[in-house]
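Visitor: Supplied in structure tokens, the structure appears directly below.
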Amino acid sequence: MEKETVWLDNEHPALRNCWHPVARSEEAKEGVPLQVELLGEFWCVVRINGELAAFPDTCPHRLASLSAGSVVDGTLQCGYHGYRYAMDGTCVRIPAQSPSLPIPPRANCQMAVDIQDHLGLVWLAPEPPLVGLPEVPEHNDPNFVNCPLEPWEWNAGAAQMADNFLDLAHFPFLHLETFGVTDDEQVADYEVERSEHSVRVQYSHTTKALSDSMGVDGEFTSIERNDLFVFTPPHHVYIYIDYADEGAVLAISFAHQPVNASTTRLFCTNYRNDIEDTADARIEATKFQLAVGAEDKALLERCHVKAIPLDQRYEVHTKADRLTLEMRRILIDVVQTVSK
Ligand code: FES
Ligand SMILES: [Fe+2]
């Protein structure tokens, strides 16, 4: 079997036909080219008059980095010899030759097929995406305060991270210092709801109370927590946690930028309905997520392989793992559809 049919790492070619976050929307400033790395390739993201475009970060002329250029008269101008590119990638000016001469078609840039702002992030699809952008209902809900964490670089694969955020069996081991409790070892039966391109699971289990989950020193209250997990390929995880006893909801969006084979940039946003909309409250709220994420990160960074196998025989799967097994099936479908 071909290597790429077995392992899904951050540079798998099928990922070119998917949406990926590459920056926070505010990082893509009007008129300021931004270099981003995705799937081991560099892109130059440009916003002109509010519109986004993603150029390959390699000028067709002498392969200079286009993100070292500038925006001039509504075009991207290469910093080396001043070739200018329209937002659709067409080369519209070559200063060193007479304007009466034609511009060779090879001077045009091969653009990413789509780039959009969504959920406060810039999303890029190098090739036509098979699956739509993920949804996070709380993002524009006035009852929820958006608490974005700083972009967070992990030495791990994006699929491994999505797998980890969907994993129901690790809480009482990896997260005992934060929200996990030993009573939660056995994963109760749960239904897997599969739709064409996504999977969702509702799951109730015991954890520490939200208010006891940080810096716990001995005493804590155990509560029953109702979770909803939704996976949208290739790597988005949405979790809705209803702390019914505490009257609080925590929704989490985990969006992953597969930077290169060994690096993933995580854009994680917490949505809370129980805090004030102030900078201090937002920072305080995300401390819990940072502490939990640090536990996951330390473990994943110790993994030797920065990929997940798409062949079930490479891992052990039990009933408790049906959600992450379904995630693998969805990814297999994506890989097979793109390879057709
Ligand atoms: S390398 Fe870009 S214009 Fe020459
Ligand atoms: Fe975890």
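The chains in the structure tokens are called A, B, ... from first to last as shown; in each chain the residues are counted from 1, and the ligands are counted from 1 in the order shown.
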Can you pull out every residue from range 20-166 of chain A that DSSP, working from the backbone, puts in alpha helix (DSSP H), and format the result as JSON, numbers by chain?
Guide: {"A": [158, 159, 160, 161, 162, 163, 164, 165]}
Visitor: Output N, CA and C atoms for every residue in that selection, as a compact mmCIF listing (two decimals), in the first residue's frame.
Guide:
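The new file selection.txt reads:
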# COMPACT_ATOMS: atom_id res chain seq x y z
N ALA A 158 -1.84 17.90 12.83
CA ALA A 158 -3.18 18.45 13.03
C ALA A 158 -4.21 17.33 13.25
N ALA A 159 -4.07 16.23 12.53
CA ALA A 159 -5.03 15.12 12.71
C ALA A 159 -4.88 14.49 14.09
N GLN A 160 -3.64 14.43 14.58
CA GLN A 160 -3.43 13.91 15.94
C GLN A 160 -4.10 14.81 16.97
N MET A 161 -4.00 16.11 16.73
CA MET A 161 -4.58 17.05 17.68
C MET A 161 -6.11 16.97 17.67
N ALA A 162 -6.69 16.88 16.45
CA ALA A 162 -8.15 16.72 16.37
C ALA A 162 -8.56 15.43 17.07
N ASP A 163 -7.79 14.39 16.84
CA ASP A 163 -8.05 13.08 17.47
C ASP A 163 -8.04 13.22 19.00
N ASN A 164 -7.08 13.96 19.49
CA ASN A 164 -6.94 14.16 20.93
C ASN A 164 -8.12 14.95 21.50
N PHE A 165 -8.57 15.98 20.77
CA PHE A 165 -9.68 16.80 21.28
C PHE A 165 -11.02 16.06 21.22
Visitor: What residues have any atom no more than 9 Å from ligand 2 when counting only C-alpha atoms and all ligand atoms, and can you list them as a list in words?
Guide: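 Within the 9 Å cut-off, the matching residues are Asn164, Phe165, Leu166, Asp167, Leu168, His170, Phe171, Leu174, His175, Val292, Gly293, Ala294, Glu295, Asp296 and Lys297 of chain A.
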Visitor: Atoms to include: C-alpha atoms. Write the selected residues as a PDB file, in the first residue's frame.
Guide:
ATOM      1  CA  ASN A 164      -6.939  14.160  20.927  1.00  0.00           C
ATOM      2  CA  PHE A 165      -9.676  16.797  21.281  1.00  0.00           C
ATOM      3  CA  LEU A 166     -12.284  14.153  20.384  1.00  0.00           C
ATOM      4  CA  ASP A 167     -10.868  11.491  22.676  1.00  0.00           C
ATOM      5  CA  LEU A 168     -13.243  10.463  25.458  1.00  0.00           C
ATOM      6  CA  HIS A 170      -8.026  10.207  28.350  1.00  0.00           C
ATOM      7  CA  PHE A 171      -9.600  12.671  30.779  1.00  0.00           C
ATOM      8  CA  LEU A 174      -3.904  13.102  31.239  1.00  0.00           C
ATOM      9  CA  HIS A 175      -6.155  15.730  32.831  1.00  0.00           C
ATOM     10  CA  VAL A 292      -5.726  21.665  29.773  1.00  0.00           C
ATOM     11  CA  GLY A 293      -4.051  22.259  26.399  1.00  0.00           C
ATOM     12  CA  ALA A 294      -0.602  22.180  27.986  1.00  0.00           C
ATOM     13  CA  GLU A 295      -1.363  18.670  29.277  1.00  0.00           C
ATOM     14  CA  ASP A 296      -2.392  17.483  25.799  1.00  0.00           C
ATOM     15  CA  LYS A 297       0.500  19.269  24.096  1.00  0.00           C
TER      16      LYS A 297
END
Visitor: Which residues are near ligand 1 in this structure, taking near to mean any atom at most 6 Å from a ligand atom and counting only C-alpha atoms and all ligand atoms? Format them as a list in words.
Guide: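 Those within range of ligand 1 are Cys59, His61, Arg62, Leu63, Ala64, Cys78, Tyr80, His81, Gly82 and Tyr83 of chain A.
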Visitor: Give me, please, the distance in Å between CA of Val72 in chain A and CA of Leu34 in chain A, quoted to one decimal.
Guide: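 Separation of CA of Val72 in chain A and CA of Leu34 in chain A: 15.0 Å.
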Visitor: Give me, as a list of chain:residue names, all polymer residues having an atom no more than 7 Å from His20 in chain A, counting only C-alpha atoms and skipping those fewer than 6 positions away in the same chain.
Guide: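 That gives A:Trp123, A:Leu124, A:Ala125, A:Gln257.
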Visitor: Write a file of the just-selected residues containing N, CA and C atoms, as a PDB file, in the first residue's frame.
Guide:
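What follows is the written file out_15.pdb:
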ATOM      1  N   TRP A 123      -9.271  31.612   6.243  1.00  0.00           N
ATOM      2  CA  TRP A 123      -9.255  30.206   5.806  1.00  0.00           C
ATOM      3  C   TRP A 123      -8.837  30.151   4.344  1.00  0.00           C
ATOM      4  N   LEU A 124      -7.969  29.214   4.029  1.00  0.00           N
ATOM      5  CA  LEU A 124      -7.432  29.098   2.676  1.00  0.00           C
ATOM      6  C   LEU A 124      -7.670  27.671   2.163  1.00  0.00           C
ATOM      7  N   ALA A 125      -8.105  27.586   0.904  1.00  0.00           N
ATOM      8  CA  ALA A 125      -8.242  26.279   0.244  1.00  0.00           C
ATOM      9  C   ALA A 125      -7.361  26.301  -1.000  1.00  0.00           C
ATOM     10  N   GLN A 257      -4.102  24.715  11.871  1.00  0.00           N
ATOM     11  CA  GLN A 257      -3.346  25.048  10.655  1.00  0.00           C
ATOM     12  C   GLN A 257      -2.212  24.036  10.521  1.00  0.00           C
TER      13      GLN A 257
END
Visitor: One decimal, in Å: what's the spacing between CA of Val36 in chain A and CA of Thr263 in chain A?
Guide: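 A separation of 12.8 Å between them.
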Visitor: Might you pull out every residue within 10 Å of Arg328 in chain A, with only C-alpha atoms counted and same-chain residues fewer than 5 positions away left off, and present them as a ChimeraX atom specification?
Guide: /A:8,159,163,233-234,308-312,322-323,333-334
Visitor: For the selection you just gave me, I'd like the residues written to a file as a PDB file, in the first residue's frame, keeping C-alpha atoms.
Guide:
ATOM      1  CA  LEU A   8      -2.304  11.223   7.216  1.00  0.00           C
ATOM      2  CA  ALA A 159      -5.027  15.124  12.706  1.00  0.00           C
ATOM      3  CA  ASP A 163      -8.048  13.083  17.470  1.00  0.00           C
ATOM      4  CA  PRO A 233     -12.825  17.440   8.246  1.00  0.00           C
ATOM      5  CA  PRO A 234     -10.051  17.805   7.869  1.00  0.00           C
ATOM      6  CA  ILE A 308      -2.461   9.234  12.187  1.00  0.00           C
ATOM      7  CA  PRO A 309      -2.785   5.907  10.410  1.00  0.00           C
ATOM      8  CA  LEU A 310      -5.723   5.505   8.045  1.00  0.00           C
ATOM      9  CA  ASP A 311      -5.366   1.750   8.168  1.00  0.00           C
ATOM     10  CA  GLN A 312      -7.198   0.443  11.244  1.00  0.00           C
ATOM     11  CA  ARG A 322     -15.840   4.874  18.160  1.00  0.00           C
ATOM     12  CA  LEU A 323     -15.834   8.657  17.818  1.00  0.00           C
ATOM     13  CA  ASP A 333     -13.319   9.183   2.567  1.00  0.00           C
ATOM     14  CA  VAL A 334     -11.697  12.578   1.967  1.00  0.00           C
TER      15      VAL A 334
END
Visitor: If you run DSSP over the backbone, which residues in range 237-289 of chain A end up strand (DSSP E or B)? Put them as a ChimeraX atom specification.
Guide: /A:237-243,248-260,263-272
Visitor: What's the 12 Å shell around Gln77 in chain A, counting only C-alpha atoms, without same-chain residues fewer than 2 positions away, as JSON, numbers by chain?
Guide: {"A": [31, 32, 33, 44, 46, 55, 59, 64, 65, 66, 67, 68, 69, 70, 71, 72, 73, 74, 75, 79, 80, 81, 82, 83, 84, 85, 86, 87, 89, 90, 91, 92, 93, 94, 95]}
